[in-house]
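Next comes target_22.txt, with compact mmCIF, C-alpha atoms.
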# COMPACT_ATOMS: atom_id res chain seq x y z
CA MET A 1 -28.06 0.65 -8.93
CA THR A 2 -28.71 -3.05 -8.39
CA ARG A 3 -25.67 -5.13 -7.55
CA THR A 4 -25.05 -8.22 -9.69
CA ALA A 5 -22.51 -9.65 -7.24
CA PRO A 6 -23.61 -8.57 -3.74
CA GLY A 7 -20.80 -10.46 -1.97
CA MET A 8 -18.14 -8.58 -3.88
CA TRP A 9 -16.76 -5.14 -3.03
CA VAL A 10 -17.79 -3.90 -6.45
CA ASP A 11 -19.46 -5.68 -9.33
CA PRO A 12 -16.86 -7.32 -11.59
CA GLN A 13 -17.71 -5.10 -14.55
CA HIS A 14 -16.94 -2.01 -12.44
CA ASP A 15 -13.90 -3.32 -10.57
CA PRO A 16 -10.93 -1.05 -11.35
CA ARG A 17 -8.57 -3.88 -10.37
CA VAL A 18 -9.66 -5.84 -13.43
CA THR A 19 -7.70 -4.20 -16.21
CA GLY A 20 -8.16 -6.74 -19.00
CA VAL A 21 -4.39 -6.74 -19.38
CA ASP A 22 -2.68 -10.10 -19.26
CA PRO A 23 0.83 -9.43 -18.01
CA VAL A 24 3.65 -11.16 -19.86
CA GLY A 25 6.68 -12.24 -17.90
CA GLU A 26 7.70 -12.30 -14.27
CA LYS A 27 8.22 -8.58 -13.76
CA GLU A 28 4.93 -7.59 -15.35
CA THR A 29 3.03 -10.26 -13.41
CA LEU A 30 4.51 -9.27 -10.05
CA TRP A 31 3.94 -5.60 -10.78
CA GLU A 32 0.31 -6.27 -11.73
CA TYR A 33 -0.27 -8.02 -8.39
CA LEU A 34 1.23 -5.12 -6.47
CA CYS A 35 -0.89 -2.61 -8.40
CA ARG A 36 -4.05 -4.60 -7.60
CA TYR A 37 -3.24 -4.61 -3.89
CA ARG A 38 -2.65 -0.88 -4.05
CA MET A 39 -6.03 -0.39 -5.68
CA THR A 40 -7.63 -2.56 -2.99
CA LEU A 41 -6.26 -0.16 -0.37
CA VAL A 42 -7.84 2.75 -2.22
CA LEU A 43 -11.17 0.91 -2.52
CA LYS A 44 -11.24 -0.06 1.17
CA CYS A 45 -10.77 3.60 2.15
CA GLU A 46 -13.16 5.05 -0.43
CA GLY A 47 -15.97 7.20 0.87
CA LEU A 48 -14.72 7.43 4.46
CA ASP A 49 -14.31 10.66 6.40
CA ALA A 50 -11.29 11.51 8.54
CA SER A 51 -12.85 10.12 11.70
CA GLN A 52 -13.61 6.80 10.02
CA MET A 53 -10.16 6.61 8.44
CA ALA A 54 -8.52 7.14 11.84
CA ARG A 55 -10.80 4.75 13.76
CA ARG A 56 -8.67 2.25 15.70
CA SER A 57 -9.35 -1.46 15.57
CA VAL A 58 -9.43 -2.51 19.24
CA ALA A 59 -7.62 -1.16 22.27
CA PRO A 60 -4.69 -1.02 22.78
CA SER A 61 -3.94 -1.34 19.05
CA THR A 62 -3.26 1.80 17.02
CA LEU A 63 -4.18 0.02 13.76
CA SER A 64 -6.44 2.10 11.49
CA LEU A 65 -6.99 2.51 7.77
CA LEU A 66 -5.28 5.89 7.94
CA GLY A 67 -2.37 4.30 9.77
CA LEU A 68 -2.14 1.69 7.01
CA VAL A 69 -2.00 4.39 4.32
CA ARG A 70 0.79 6.13 6.23
CA HIS A 71 2.61 2.85 6.92
CA LEU A 72 2.43 1.74 3.28
CA ALA A 73 3.73 5.15 2.16
CA ASN A 74 6.74 4.44 4.39
CA VAL A 75 7.06 0.89 3.03
CA GLU A 76 7.05 2.10 -0.57
CA HIS A 77 9.55 4.83 0.27
CA HIS A 78 11.87 2.53 2.20
CA TRP A 79 12.10 -0.25 -0.36
CA PHE A 80 11.92 1.66 -3.63
CA ARG A 81 13.69 4.88 -2.62
CA ARG A 82 16.18 3.80 0.03
CA VAL A 83 17.00 0.25 -0.91
CA LEU A 84 16.58 0.18 -4.68
CA GLN A 85 17.61 3.76 -5.45
CA GLY A 86 20.05 4.31 -2.60
CA VAL A 87 18.47 7.58 -1.44
CA GLY A 88 18.99 8.01 2.29
CA GLU A 89 16.14 10.36 3.16
CA ARG A 90 13.71 9.22 5.82
CA GLY A 91 10.17 8.19 4.95
CA PRO A 92 7.23 10.56 5.01
CA PHE A 93 5.97 9.21 8.35
CA GLU A 94 9.17 8.31 10.13
CA LEU A 95 10.53 9.96 13.21
CA PRO A 96 13.74 8.74 14.85
CA GLY A 97 13.00 7.08 18.16
CA TYR A 98 9.29 6.60 17.38
CA PRO A 99 8.90 3.33 15.47
CA ASP A 100 5.09 3.49 15.25
CA VAL A 101 4.61 7.16 14.39
CA ASP A 102 2.90 6.14 11.13
CA PHE A 103 0.09 4.56 13.19
CA ASP A 104 0.28 6.72 16.33
CA GLY A 105 0.12 9.91 14.26
CA ALA A 106 -2.97 8.83 12.29
CA LEU A 107 -5.35 11.46 13.63
CA PRO A 108 -9.02 12.07 12.72
CA ASP A 109 -8.21 15.23 10.83
CA ALA A 110 -8.87 15.93 7.15
CA THR A 111 -5.41 17.48 6.72
CA CYS A 112 -3.77 14.38 8.20
CA VAL A 113 -5.74 12.18 5.76
CA ASP A 114 -4.84 14.40 2.78
CA GLU A 115 -1.15 14.38 3.74
CA ALA A 116 -1.21 10.60 4.05
CA TRP A 117 -2.73 10.08 0.60
CA GLN A 118 -0.39 12.64 -0.99
CA ALA A 119 2.66 10.93 0.53
CA TRP A 120 1.38 7.50 -0.51
CA HIS A 121 0.74 8.63 -4.10
CA ARG A 122 4.20 10.25 -4.30
CA ALA A 123 5.86 7.05 -3.03
CA VAL A 124 3.85 4.91 -5.46
CA ASP A 125 4.75 7.21 -8.37
CA VAL A 126 8.45 7.00 -7.49
CA ALA A 127 8.23 3.20 -7.35
CA ASP A 128 6.34 3.00 -10.65
CA ASP A 129 8.88 5.27 -12.37
CA TRP A 130 11.74 3.17 -11.01
CA MET A 131 10.23 -0.10 -12.25
CA VAL A 132 10.21 0.99 -15.88
CA GLY A 133 13.08 -0.82 -17.54
CA GLU A 134 14.41 -2.28 -14.29
CA ASP A 135 16.01 -5.73 -14.17
CA LEU A 136 14.60 -7.88 -11.35
CA GLU A 137 17.83 -9.84 -11.07
CA ARG A 138 19.91 -6.77 -10.30
CA GLU A 139 21.55 -7.06 -6.88
CA LEU A 140 21.80 -4.05 -4.64
CA PRO A 141 23.58 -3.51 -1.33
CA TYR A 142 21.31 -3.98 1.66
CA ASP A 143 21.85 -4.50 5.38
CA GLY A 144 25.45 -5.69 5.06
CA GLY A 145 24.70 -7.96 2.11
CA THR A 146 22.77 -7.73 -1.12
CA VAL A 147 19.18 -8.04 -2.21
CA GLU A 148 17.72 -8.63 -5.68
CA ALA A 149 15.16 -6.17 -6.98
CA ARG A 150 12.87 -9.21 -7.40
CA ASP A 151 12.98 -9.86 -3.65
CA VAL A 152 12.07 -6.26 -2.91
CA LEU A 153 9.09 -6.37 -5.27
CA LEU A 154 7.91 -9.64 -3.70
CA HIS A 155 8.36 -8.28 -0.19
CA VAL A 156 6.38 -5.11 -0.87
CA THR A 157 3.61 -7.17 -2.50
CA GLU A 158 3.54 -9.48 0.54
CA GLU A 159 3.36 -6.45 2.84
CA TYR A 160 0.30 -5.17 0.99
CA ALA A 161 -1.32 -8.62 0.95
CA ARG A 162 -0.97 -8.94 4.72
CA HIS A 163 -2.32 -5.47 5.38
CA MET A 164 -5.30 -5.83 3.03
CA GLY A 165 -6.60 -8.48 5.43
CA HIS A 166 -6.38 -5.85 8.14
CA ALA A 167 -8.12 -3.35 5.86
CA ASP A 168 -10.98 -5.80 5.28
CA LEU A 169 -11.62 -6.12 9.00
CA LEU A 170 -11.19 -2.41 9.71
CA ARG A 171 -13.68 -1.45 7.00
CA GLU A 172 -16.18 -4.02 8.18
CA CYS A 173 -15.98 -2.55 11.71
CA ILE A 174 -16.61 0.95 10.36
CA ASP A 175 -19.71 0.37 8.24
CA GLY A 176 -20.25 -3.37 7.86
CA ARG A 177 -19.07 -3.41 4.27
CA THR A 178 -17.41 -6.69 3.29
CA GLY A 179 -16.15 -8.37 0.14
CA LEU A 180 -13.05 -8.48 -1.98
Let's see the structure in the file written out as structure tokens.
Amino acid sequence: MTRTAPGMWVDPQHDPRVTGVDPVGEKETLWEYLCRYRMTLVLKCEGLDASQMARRSVAPSTLSLLGLVRHLANVEHHWFRRVLQGVGERGPFELPGYPDVDFDGALPDATCVDEAWQAWHRAVDVADDWMVGEDLERELPYDGGTVEARDVLLHVTEEYARHMGHADLLRECIDGRTGL
């Protein structure tokens, strides 16, 4: 198939991030941005095997696409499960005393990759279910004070935005593929 926009990750007419939906209101707009960043993560990892997913950026960094999937599963879990829903269970890739286990444990193994995607999808589904009908101005207890649901949604979106820059560079190092 001939590309119509070779500098883009996918041609605009095939880009799953373009939904044709114009969000109305603050909550819908913020949620749409987060969903697009999530889809970008999926696109940047598409077609890679376990070894490629676990490939580290540069020594001594443990940054990899697989590590990002695991880390973002923890991020989703922490903010939407712990903070917004008050559920105290630890994240899917958390281990007390090992702050970077999400990256350090990203091994070039198909089972590890499958577990990461399953945990990420579960965390995303929980977050999506929570957002339905939620008020962004609602304040919740957090870290000795309070936090608005709006701030959590913005923070998670910012976390994805920052890491998608990492994903761009990681993917380019793996196979040279660039673009949005």
Where does range 115-155 of chain A meet range 41-54 of chain A within 12 Å, residue by residue, with the nearest atom pair and distance in Å to one decimal for each, counting all atoms listed in the file, listed by chain and rising number, as a Markdown table?
| residue | atom | partner | partner_atom | distance |
| --- | --- | --- | --- | --- |
| A:Glu115 | CA | A:Ala50 | CA | 11.6 |
| A:Ala116 | CA | A:Met53 | CA | 10.7 |
| A:Trp117 | CA | A:Val42 | CA | 9.4 |
| A:Trp120 | CA | A:Val42 | CA | 10.5 |
| A:His121 | CA | A:Val42 | CA | 10.6 |
Spatial neighbours of range 129-138 of chain A, max dist 8 Å, all atoms listed in the file, sep filter under 3 positions, as a PyMOL selection string: chain A and resi 27+80+125-126+148-150
Point-to-point distance from CA of Thr62 in chain A to CA of Met164 in chain A, Å rounded to tenths: 16.1 Å
Interatomic distance (Å, one decimal) between CA of His78 in chain A and CA of Gly91 in chain A: 6.5 Å
Box dimensions and centre (Å, one decimal) enclosing range 155-162 of chain A, axis-aligned, 6 Å extra per side, as lines of an AutoDock Vina configuration file:
center_x = 3.5
center_y = -7.3
center_z = 1.1
size_x = 21.7
size_y = 16.4
size_z = 19.2
For CA of Glu158 in chain A and CA of His71 in chain A, the interatomic separation in Å (one decimal): 13.9 Å
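Candidate residues A:Val21, A:Ala119, A:Val83, A:Val124 were compared for distance to Gly144 in chain A, and the nearest is A:Val83, using all atoms listed in the file.
The closest residue to Pro141 in chain A, picked from A:Gly67, A:Gly86, A:Pro60, A:Gly97 and counting all atoms listed in the file, is A:Gly86.
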May I ask you to restore N, CA, C and O atoms in range 89-100 of chain A and write the result as a PDB file, in the frame of the given file?
ATOM      1  N   GLU A  89      17.113   9.550   2.423  1.00  0.00           N
ATOM      2  CA  GLU A  89      16.140  10.360   3.160  1.00  0.00           C
ATOM      3  C   GLU A  89      15.123   9.493   3.903  1.00  0.00           C
ATOM      4  O   GLU A  89      14.775   8.408   3.447  1.00  0.00           O
ATOM      5  N   ARG A  90      14.673  10.007   5.053  1.00  0.00           N
ATOM      6  CA  ARG A  90      13.710   9.220   5.820  1.00  0.00           C
ATOM      7  C   ARG A  90      12.332   9.276   5.158  1.00  0.00           C
ATOM      8  O   ARG A  90      12.034  10.172   4.369  1.00  0.00           O
ATOM      9  N   GLY A  91      11.511   8.303   5.520  1.00  0.00           N
ATOM     10  CA  GLY A  91      10.170   8.190   4.950  1.00  0.00           C
ATOM     11  C   GLY A  91       9.258   9.313   5.388  1.00  0.00           C
ATOM     12  O   GLY A  91       9.549  10.041   6.346  1.00  0.00           O
ATOM     13  N   PRO A  92       8.129   9.448   4.717  1.00  0.00           N
ATOM     14  CA  PRO A  92       7.230  10.560   5.010  1.00  0.00           C
ATOM     15  C   PRO A  92       6.633  10.520   6.412  1.00  0.00           C
ATOM     16  O   PRO A  92       6.274  11.552   6.965  1.00  0.00           O
ATOM     17  N   PHE A  93       6.539   9.337   7.012  1.00  0.00           N
ATOM     18  CA  PHE A  93       5.970   9.210   8.350  1.00  0.00           C
ATOM     19  C   PHE A  93       6.923   8.425   9.251  1.00  0.00           C
ATOM     20  O   PHE A  93       6.548   7.472   9.906  1.00  0.00           O
ATOM     21  N   GLU A  94       8.156   8.876   9.257  1.00  0.00           N
ATOM     22  CA  GLU A  94       9.170   8.310  10.130  1.00  0.00           C
ATOM     23  C   GLU A  94       9.712   9.403  11.029  1.00  0.00           C
ATOM     24  O   GLU A  94       9.891  10.540  10.594  1.00  0.00           O
ATOM     25  N   LEU A  95       9.955   9.039  12.248  1.00  0.00           N
ATOM     26  CA  LEU A  95      10.530   9.960  13.210  1.00  0.00           C
ATOM     27  C   LEU A  95      11.487   9.157  14.070  1.00  0.00           C
ATOM     28  O   LEU A  95      11.074   8.180  14.703  1.00  0.00           O
ATOM     29  N   PRO A  96      12.767   9.514  14.063  1.00  0.00           N
ATOM     30  CA  PRO A  96      13.740   8.740  14.850  1.00  0.00           C
ATOM     31  C   PRO A  96      13.288   8.586  16.305  1.00  0.00           C
ATOM     32  O   PRO A  96      12.847   9.548  16.937  1.00  0.00           O
ATOM     33  N   GLY A  97      13.377   7.358  16.789  1.00  0.00           N
ATOM     34  CA  GLY A  97      13.000   7.080  18.160  1.00  0.00           C
ATOM     35  C   GLY A  97      11.527   6.757  18.360  1.00  0.00           C
ATOM     36  O   GLY A  97      11.099   6.422  19.460  1.00  0.00           O
ATOM     37  N   TYR A  98      10.726   6.876  17.311  1.00  0.00           N
ATOM     38  CA  TYR A  98       9.290   6.600  17.380  1.00  0.00           C
ATOM     39  C   TYR A  98       8.914   5.611  16.276  1.00  0.00           C
ATOM     40  O   TYR A  98       8.445   6.014  15.211  1.00  0.00           O
ATOM     41  N   PRO A  99       9.091   4.326  16.521  1.00  0.00           N
ATOM     42  CA  PRO A  99       8.900   3.330  15.470  1.00  0.00           C
ATOM     43  C   PRO A  99       7.474   3.214  14.934  1.00  0.00           C
ATOM     44  O   PRO A  99       7.275   2.787  13.811  1.00  0.00           O
ATOM     45  N   ASP A 100       6.472   3.625  15.711  1.00  0.00           N
ATOM     46  CA  ASP A 100       5.090   3.490  15.250  1.00  0.00           C
ATOM     47  C   ASP A 100       4.409   4.819  14.964  1.00  0.00           C
ATOM     48  O   ASP A 100       3.177   4.925  15.021  1.00  0.00           O
TER      49      ASP A 100
END
